[in-house]
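So the structure is just underneath, and the comments pick up after that.
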Amino acid sequence: MGSLLTSWRWDVPTVVITLVVGLGYGLAWFGGRRRGADLPSAGRAWCFGLVGLAVWLYTGVGVVGVYSDTLFWVRALQTLLLLYLVAFGLAAGMPFTVLRAALGPKGQGRLDRILNSRIVTGLTFPLVPSAAMLLTPWVLYFSPWYESMLRNGTVDAVSRVGFVVIGFVYFYSRLQADPTPRRYPQSISLLITVVESLADGVLGIVVWLGPVLFTDYYQEVGRTWGPSLRMDQTAGAGILWLLGDVLGIPFALMVMRSWADDERRKARQVDAALDAAANTAKQAKSTGAETDSTETADAPPQTTGLWWENDPQLSERFRRR
């Protein structure tokens with residue numbers, strides 16, 4: 001436990017990237033504030049900084065980064081933190097909204113065109129980031145990619161940044177807090193969350209019950225302390241199985257909140273449409289009554305059905321069965 005505070009290393013890629021991203025977000029935030037733009041809440045900014053950047057930095061320079069090349073379970077923890085927690089914090093901070101607030105009209109138009117381009121539309125289609133999120137751990141642990149990360153610093157640095165990018169696109173397209181090319185029902189997000197929880201469990205079971213992975217590398221490390229290779233991998237399997245679901249809880253809660261907000265917004269729209277249609281029907285009825293009274297007092301009333309059955313927007317919703 002003492003290593004949590006005493007074990008550190010200098011990881012240039014992580015330090016530089018988090019510094020640049022944090023500086024850019026801060027400049028955009030204060031730039032939007034000076035322009036008087038509508039910015040996200042301060043809680044969003046703190047989420048971006050603490051959950052996103054601070055955890056990202058710690059996975060590189062803290063104890064997680066120090067032992068990521070030595071223990072299997074620490075590397076599993078680092079991967080999950082980058083893929084889930086860091087990416088979630090960055091996406092929840094609404095960086096595109098903050099950037100848009102700091103830009104002028106031309107810059108906003110340019111950013112909007114990029115976010116609505118075919119490339120972004122294709123990348124944010126629910127199946128694409130969900131498939132990338134599901135397949136990335138499987139490909140990592142059952143291909144030469146994992147050992148290449150352990151032996152090559154460049155592959156390691158690029159892969160860790162790739163984990164954050166994959167997770168960010170996933171949460172950006174699922175949270176839909178920032179401007180997105182298309183908005184999808186939050187019920188789809190809940191369904192995908194259930195499927196992913198099952199997939200994480202299957203991966204953990206396979207790693208737990210399968211043979212010891214990458215024995216050549218870990219034997220070369222020559223570690224004489226800590227758990228055996230089998231116990232080390234078992235601990236990593238537990239992290240992949242359980243921690244993946246635990247880290248998904250904040251996201252699931254936010255999705256359910258967004259779903260409830262969408263339902264309330266739709267209910268208000270329906271209520272407004274009903275009120276407008278009722279007022280229109282009353283006006284039409286009063287106007288028709290005045291016209292009929294001038295023509296004849298004995299004319300039989302004409303029945304045209306209930307007013308909402310004749311409204312083009314509400315007839316489908318309130319049709320008779």
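Lettering and numbering for the structure tokens are positional, with chains as A, B, ... in the shown order, residues counted from 1 in each chain, and ligands counted from 1 in the shown order.
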
If we count only C-alpha atoms, what is near region 203-211 of chain A at a cut-off of 6 Å, once residues fewer than 2 positions away on the same chain are taken out, given as a short mmCIF file (atom, residue, chain, number, x, y, z; two decimals) with all heavy atoms, in the first residue's frame?
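Resulting contents of selection-v9.cif:
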data_model
loop_
_atom_site.label_atom_id
_atom_site.label_comp_id
_atom_site.auth_asym_id
_atom_site.auth_seq_id
_atom_site.Cartn_x
_atom_site.Cartn_y
_atom_site.Cartn_z
N ASP A 200 -17.62 -8.52 -20.73
CA ASP A 200 -16.52 -8.38 -19.76
C ASP A 200 -16.42 -9.62 -18.88
O ASP A 200 -15.32 -10.08 -18.55
CB ASP A 200 -16.74 -7.14 -18.90
CG ASP A 200 -16.57 -5.85 -19.70
OD1 ASP A 200 -15.90 -5.90 -20.75
OD2 ASP A 200 -17.11 -4.81 -19.28
N GLY A 201 -17.58 -10.15 -18.47
CA GLY A 201 -17.57 -11.34 -17.65
C GLY A 201 -16.98 -12.54 -18.37
O GLY A 201 -16.20 -13.31 -17.81
N THR A 234 -4.80 -14.60 -12.41
CA THR A 234 -6.13 -14.73 -11.81
C THR A 234 -6.61 -13.39 -11.26
O THR A 234 -7.78 -13.03 -11.42
CB THR A 234 -6.09 -15.79 -10.70
OG1 THR A 234 -5.69 -17.05 -11.24
CG2 THR A 234 -7.47 -15.93 -10.05
N ALA A 237 -7.65 -11.31 -14.15
CA ALA A 237 -8.95 -11.74 -14.67
C ALA A 237 -10.08 -11.17 -13.81
O ALA A 237 -11.12 -10.74 -14.33
CB ALA A 237 -9.02 -13.26 -14.70
N LEU A 240 -10.53 -7.57 -14.77
CA LEU A 240 -11.22 -7.43 -16.06
C LEU A 240 -12.71 -7.73 -15.91
O LEU A 240 -13.55 -7.10 -16.59
CB LEU A 240 -10.61 -8.39 -17.08
CG LEU A 240 -9.18 -8.09 -17.52
CD1 LEU A 240 -8.64 -9.21 -18.39
CD2 LEU A 240 -9.10 -6.76 -18.24
N TRP A 241 -13.05 -8.67 -15.05
CA TRP A 241 -14.44 -9.07 -14.89
C TRP A 241 -15.22 -8.09 -14.02
O TRP A 241 -16.23 -7.52 -14.44
CB TRP A 241 -14.47 -10.47 -14.28
CG TRP A 241 -15.85 -11.07 -14.17
CD1 TRP A 241 -17.04 -10.47 -14.46
CD2 TRP A 241 -16.17 -12.39 -13.73
NE1 TRP A 241 -18.08 -11.33 -14.24
CE2 TRP A 241 -17.57 -12.51 -13.79
CE3 TRP A 241 -15.40 -13.47 -13.29
CZ2 TRP A 241 -18.22 -13.69 -13.41
CZ3 TRP A 241 -16.05 -14.64 -12.93
CH2 TRP A 241 -17.44 -14.75 -12.99
#

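For the choices A:Leu213, A:Ala199, A:Ala92, A:Val221, the atom-to-atom distance to Trp46 (chain A) is smallest for A:Ala92 when using only C-alpha atoms.
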
Nearest to Ala42 (chain A) among A:Leu85, A:Val66, A:Val212, A:Val98, with distances taken over only C-alpha atoms: which residue is it? A:Val98

With only C-alpha atoms as the counted atoms, please give the residues lying no more than 10 Å from Trp56 (chain A), apart from itself and same-chain residues fewer than 2 positions off, as a list in words.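 What passes the distance filter is Thr14, Val15, Ile17, Thr18, Gly49, Leu50, Val51, Gly52, Leu53, Ala54, Tyr58, Thr59, Gly60, Val61, Gly62, Gln78, Leu81, Leu82, Leu85, Val86, Ala87, Gly89, Leu90, Arg160, Val161 and Val164 of chain A.
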